[in-house]
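> My questions will all concern the structure given below.
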Amino acid sequence: LSSMRGQYYDTAAFDAQLAAHDTVLYEVYLVERPAVEGELSSGLTILHPGKVGDEYFMTKGHFHAILETGEVYYCLGGSGRMVMETPEGEWHVAEMTPGAVVYVPPRWAHRTVNTGTTEDLVFFWVFPANAGHDYGSIERQGFRKRIVARDGVVAVEDNPRWLPPERR
């Protein structure tokens with residue numbers, strides 16, 4: 001949880017939850033490959049269920065350091081969403097259910113969100129090993145959309161703290 005400071009809108013809920021326990025939100029199992037053209041990095045992520053305030057547990061999210069890089073996700077279990085956006089602010093949210101394949105096009109930042117209440121969201125991913133990661137842009141600007149619980153239903157809402165391109 002502590003590595004997600006600034007990513008959740010409800011800072012009071014975040015601080016209270018962190019003070020109680022630094023919960024592990026997700027685990028990443030990476031197949032290490034050389035970061036050179038032609039190699040593929042792959043791995044498995046297990047994103048646990050839970051919420052901070054009304055926002056579901058999520059991964060940190062990133063662009064690729066080489067922006068013109070795509071990535072493929074395959075959902076093995078659980079239920080969730082893939083939140084994606086371009087540097088210009090175009091956005092898309094894809095559903096993740098067992099058997100779903102989500103393609104993240106080049107230039108799109110992406111983060112996964114576990115919308116389940118009891119099950120882990122488990123997914124496999126693969127991308128060119130030389131792509132790298134840019135977490136800093138998302139830490140500064142946030143994602144344009146948040147995935148929240150509203151009256152027991154999963155909802156997509158604007159992120160009031162998102163910085164549009166002209167304010168970055």
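Chain lettering (A, B, ...) mirrors the order of the structure tokens, residue numbering begins at 1 for each chain separately, and ligand numbering begins at 1 in order of display.
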Show which residues sit within 9 Å of Thr23 in chain A, as a PDB file with C-alpha atoms, in the first residue's frame. Count only C-alpha atoms, and ignore same-chain residues fewer than 4 positions away.


```pdb
ATOM      1  CA  LEU A   1       0.000   0.000   0.000  1.00  0.00           C
ATOM      2  CA  SER A   2       2.761   2.453   0.909  1.00  0.00           C
ATOM      3  CA  GLN A  17      -5.523   2.096   6.092  1.00  0.00           C
ATOM      4  CA  LEU A  18      -1.743   2.486   5.882  1.00  0.00           C
TER       5      LEU A  18
END
```

> Check which residues of range 52-110 of chain A sit at most 12 Å from range 39-42 of chain A using only C-alpha atoms, and return one row each with the closest pair of atoms and their distance in Å to one decimal, ordered by chain and rising number, as a tab-separated table.


```
residue	atom	partner	partner_atom	distance
A:Thr69	CA	A:Leu40	CA	11.7
A:Gly70	CA	A:Leu40	CA	11.5
A:Glu71	CA	A:Ser42	CA	9.7
A:Val72	CA	A:Ser42	CA	9.5
A:Tyr73	CA	A:Ser42	CA	9.7
A:Tyr74	CA	A:Ser42	CA	11.1
```

> Which residue is closest to Met96 in chain A? Choose from A:Cys75, A:Ala19, A:Leu163, A:Leu47 and count only C-alpha atoms.

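Closest to Met96 in chain A of all the choices is A:Cys75.
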
> Among the residues of chain A, find those DSSP assigns to strand (DSSP E) from the backbone and print them as a PyMOL selection string.

chain A and resi 26-31+40-47+51-52+55-56+71-77+80-85+91-96+101-104+109-114+121-128+145-150+153-158

> Okay, now the selection with C-alpha atoms, as a PDB file, in the first residue's frame?


```
ATOM      1  CA  TYR A  26      -0.381  -7.228  -5.510  1.00  0.00           C
ATOM      2  CA  GLU A  27       2.464  -9.603  -6.287  1.00  0.00           C
ATOM      3  CA  VAL A  28       4.440  -9.710  -9.542  1.00  0.00           C
ATOM      4  CA  TYR A  29       6.325 -12.775 -10.767  1.00  0.00           C
ATOM      5  CA  LEU A  30       8.643 -11.741 -13.599  1.00  0.00           C
ATOM      6  CA  VAL A  31      10.500 -13.952 -16.066  1.00  0.00           C
ATOM      7  CA  LEU A  40      10.100 -10.783 -24.537  1.00  0.00           C
ATOM      8  CA  SER A  41       9.466 -10.066 -20.862  1.00  0.00           C
ATOM      9  CA  SER A  42       6.570 -11.931 -19.331  1.00  0.00           C
ATOM     10  CA  GLY A  43       5.134 -12.703 -15.971  1.00  0.00           C
ATOM     11  CA  LEU A  44       2.177 -13.184 -13.733  1.00  0.00           C
ATOM     12  CA  THR A  45       0.484 -10.665 -11.449  1.00  0.00           C
ATOM     13  CA  ILE A  46      -1.812 -11.510  -8.551  1.00  0.00           C
ATOM     14  CA  LEU A  47      -3.889  -8.471  -7.549  1.00  0.00           C
ATOM     15  CA  LYS A  51     -10.598  -1.066  -1.524  1.00  0.00           C
ATOM     16  CA  VAL A  52      -9.129   2.205  -0.323  1.00  0.00           C
ATOM     17  CA  GLU A  55     -11.605   2.762  -5.044  1.00  0.00           C
ATOM     18  CA  TYR A  56     -10.716  -0.850  -5.691  1.00  0.00           C
ATOM     19  CA  GLU A  71       1.561  -5.258 -24.330  1.00  0.00           C
ATOM     20  CA  VAL A  72      -0.797  -8.238 -24.090  1.00  0.00           C
ATOM     21  CA  TYR A  73      -2.633  -9.375 -20.952  1.00  0.00           C
ATOM     22  CA  TYR A  74      -4.432 -12.689 -20.469  1.00  0.00           C
ATOM     23  CA  CYS A  75      -6.805 -12.981 -17.505  1.00  0.00           C
ATOM     24  CA  LEU A  76      -6.537 -16.303 -15.696  1.00  0.00           C
ATOM     25  CA  GLY A  77      -8.921 -15.683 -12.808  1.00  0.00           C
ATOM     26  CA  GLY A  80     -11.467  -6.565 -12.920  1.00  0.00           C
ATOM     27  CA  ARG A  81     -10.797  -3.768 -15.338  1.00  0.00           C
ATOM     28  CA  MET A  82      -7.848  -2.562 -17.385  1.00  0.00           C
ATOM     29  CA  VAL A  83      -7.726   1.246 -17.369  1.00  0.00           C
ATOM     30  CA  MET A  84      -5.834   2.721 -20.321  1.00  0.00           C
ATOM     31  CA  GLU A  85      -5.060   6.202 -21.605  1.00  0.00           C
ATOM     32  CA  TRP A  91      -9.080   6.678 -22.502  1.00  0.00           C
ATOM     33  CA  HIS A  92     -10.581   3.199 -22.544  1.00  0.00           C
ATOM     34  CA  VAL A  93     -11.585   0.690 -19.858  1.00  0.00           C
ATOM     35  CA  ALA A  94     -11.584  -3.031 -20.743  1.00  0.00           C
ATOM     36  CA  GLU A  95     -13.200  -5.793 -18.719  1.00  0.00           C
ATOM     37  CA  MET A  96     -10.964  -8.558 -17.378  1.00  0.00           C
ATOM     38  CA  VAL A 101      -7.246 -11.113 -23.703  1.00  0.00           C
ATOM     39  CA  VAL A 102      -6.595  -7.383 -23.423  1.00  0.00           C
ATOM     40  CA  TYR A 103      -4.320  -5.708 -25.943  1.00  0.00           C
ATOM     41  CA  VAL A 104      -2.684  -2.485 -24.767  1.00  0.00           C
ATOM     42  CA  ALA A 109      -0.573   3.830 -20.153  1.00  0.00           C
ATOM     43  CA  HIS A 110      -2.295   0.995 -18.348  1.00  0.00           C
ATOM     44  CA  ARG A 111      -3.215  -0.232 -14.878  1.00  0.00           C
ATOM     45  CA  THR A 112      -5.300  -3.157 -13.674  1.00  0.00           C
ATOM     46  CA  VAL A 113      -8.025  -2.955 -11.046  1.00  0.00           C
ATOM     47  CA  ASN A 114      -9.497  -5.881  -9.078  1.00  0.00           C
ATOM     48  CA  LEU A 121      -7.397 -11.008 -10.104  1.00  0.00           C
ATOM     49  CA  VAL A 122      -4.716 -13.142 -11.756  1.00  0.00           C
ATOM     50  CA  PHE A 123      -3.267 -12.323 -15.156  1.00  0.00           C
ATOM     51  CA  PHE A 124      -0.348 -13.144 -17.442  1.00  0.00           C
ATOM     52  CA  TRP A 125       1.352 -10.411 -19.477  1.00  0.00           C
ATOM     53  CA  VAL A 126       4.011 -10.148 -22.171  1.00  0.00           C
ATOM     54  CA  PHE A 127       5.786  -7.214 -23.849  1.00  0.00           C
ATOM     55  CA  PRO A 128       9.088  -6.487 -25.643  1.00  0.00           C
ATOM     56  CA  LYS A 145     -10.489   7.620 -14.792  1.00  0.00           C
ATOM     57  CA  ARG A 146     -11.012   5.895 -11.437  1.00  0.00           C
ATOM     58  CA  ILE A 147     -12.754   2.552 -10.879  1.00  0.00           C
ATOM     59  CA  VAL A 148     -14.993   2.795  -7.810  1.00  0.00           C
ATOM     60  CA  ALA A 149     -17.836   1.045  -6.009  1.00  0.00           C
ATOM     61  CA  ARG A 150     -21.139   2.960  -6.214  1.00  0.00           C
ATOM     62  CA  VAL A 153     -21.906  -1.565  -8.630  1.00  0.00           C
ATOM     63  CA  VAL A 154     -18.559  -1.066 -10.364  1.00  0.00           C
ATOM     64  CA  ALA A 155     -18.437   2.449 -11.816  1.00  0.00           C
ATOM     65  CA  VAL A 156     -15.996   4.479 -13.922  1.00  0.00           C
ATOM     66  CA  GLU A 157     -15.573   8.067 -12.735  1.00  0.00           C
ATOM     67  CA  ASP A 158     -13.443  11.054 -13.633  1.00  0.00           C
TER      68      ASP A 158
END
```

> Which parts of chain A does DSSP call helix (DSSP H, G or I) when run on the backbone here, written out as a ChimeraX atom specification?

/A:2-4,11-20,136-141,165-167

> Can you list, as number ranges by chain, every protein, DNA or RNA residue that comes within 10 Å of Leu67 in chain A when you count only C-alpha atoms, leaving out same-chain residues fewer than 3 positions away?

A: 63-64, 70, 86-87, 105-109, 131-134

> Selected residues, C-alpha atoms, written as an mmCIF file, in the first residue's frame, please.


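Contents of the output file selection_0.cif:
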```cif
data_model
loop_
_atom_site.group_PDB
_atom_site.id
_atom_site.type_symbol
_atom_site.label_atom_id
_atom_site.label_comp_id
_atom_site.auth_asym_id
_atom_site.auth_seq_id
_atom_site.Cartn_x
_atom_site.Cartn_y
_atom_site.Cartn_z
ATOM 1 C CA PHE A 63 3.573 3.949 -19.752
ATOM 2 C CA HIS A 64 6.440 2.136 -21.441
ATOM 3 C CA GLY A 70 2.312 -2.593 -26.916
ATOM 4 C CA THR A 86 -2.842 8.013 -24.089
ATOM 5 C CA PRO A 87 -0.562 10.947 -23.236
ATOM 6 C CA PRO A 105 -1.693 -0.542 -27.902
ATOM 7 C CA PRO A 106 1.544 1.431 -28.194
ATOM 8 C CA ARG A 107 1.410 4.860 -26.461
ATOM 9 C CA TRP A 108 -1.212 3.755 -23.912
ATOM 10 C CA ALA A 109 -0.573 3.830 -20.153
ATOM 11 C CA ALA A 131 10.313 -1.427 -23.610
ATOM 12 C CA GLY A 132 11.112 -0.324 -20.064
ATOM 13 C CA HIS A 133 8.621 1.309 -17.683
ATOM 14 C CA ASP A 134 7.688 4.913 -16.982
#
```

> Using only C-alpha atoms, which of the listed residues (A:Gly50, A:Pro34, A:Gly61, A:Asp15) sits closest to Gly136 in chain A?

A:Gly61

> With only C-alpha atoms as the basis for distance, which of A:Glu139, A:Asp151, A:Glu90, A:Asp120 is at the shortest distance from Pro165 in chain A?

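Checking each candidate against Pro165 in chain A, we get A:Glu90 as the closest.
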
> One decimal, in Å: what's the spacing between CA of Glu119 in chain A and CA of Gly78 in chain A?

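The value is 5.5 Å.
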
> Can you list, as a PDB file with C-alpha atoms, in the first residue's frame, every protein, DNA or RNA residue that comes within 12 Å of Arg161 in chain A when you count only C-alpha atoms, leaving out same-chain residues fewer than 6 positions away?


```
ATOM      1  CA  GLY A   6      -0.878   9.667  -4.179  1.00  0.00           C
ATOM      2  CA  GLN A   7      -2.653   7.159  -6.425  1.00  0.00           C
ATOM      3  CA  TYR A   8      -5.921   6.955  -4.457  1.00  0.00           C
ATOM      4  CA  TYR A   9      -8.248   9.952  -4.373  1.00  0.00           C
ATOM      5  CA  ASP A  10      -9.368   9.529  -0.742  1.00  0.00           C
ATOM      6  CA  THR A  11      -6.131  10.435   1.057  1.00  0.00           C
ATOM      7  CA  ILE A 138       1.435   8.403 -13.831  1.00  0.00           C
ATOM      8  CA  GLU A 139       2.654   9.360 -10.348  1.00  0.00           C
ATOM      9  CA  ARG A 140       2.604  13.023 -11.449  1.00  0.00           C
ATOM     10  CA  GLN A 141      -0.534  13.192 -13.598  1.00  0.00           C
ATOM     11  CA  GLY A 142      -2.647  10.285 -12.347  1.00  0.00           C
ATOM     12  CA  PHE A 143      -5.056   8.364 -14.559  1.00  0.00           C
ATOM     13  CA  ARG A 144      -7.989  10.198 -16.087  1.00  0.00           C
ATOM     14  CA  LYS A 145     -10.489   7.620 -14.792  1.00  0.00           C
ATOM     15  CA  ARG A 146     -11.012   5.895 -11.437  1.00  0.00           C
ATOM     16  CA  ARG A 167      -1.116  21.395 -17.100  1.00  0.00           C
ATOM     17  CA  ARG A 168       1.701  18.831 -16.909  1.00  0.00           C
TER      18      ARG A 168
END
```

> Provide the CA of Ser79 in chain A to CA of Ser137 in chain A distance in Å, to one decimal place.

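Distance between the two atoms: 26.6 Å.
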
> Using only C-alpha atoms, find the one residue out of A:Arg5, A:Gly152, A:Tyr135, A:Pro160 that sits nearest to His62 in chain A.

A:Tyr135
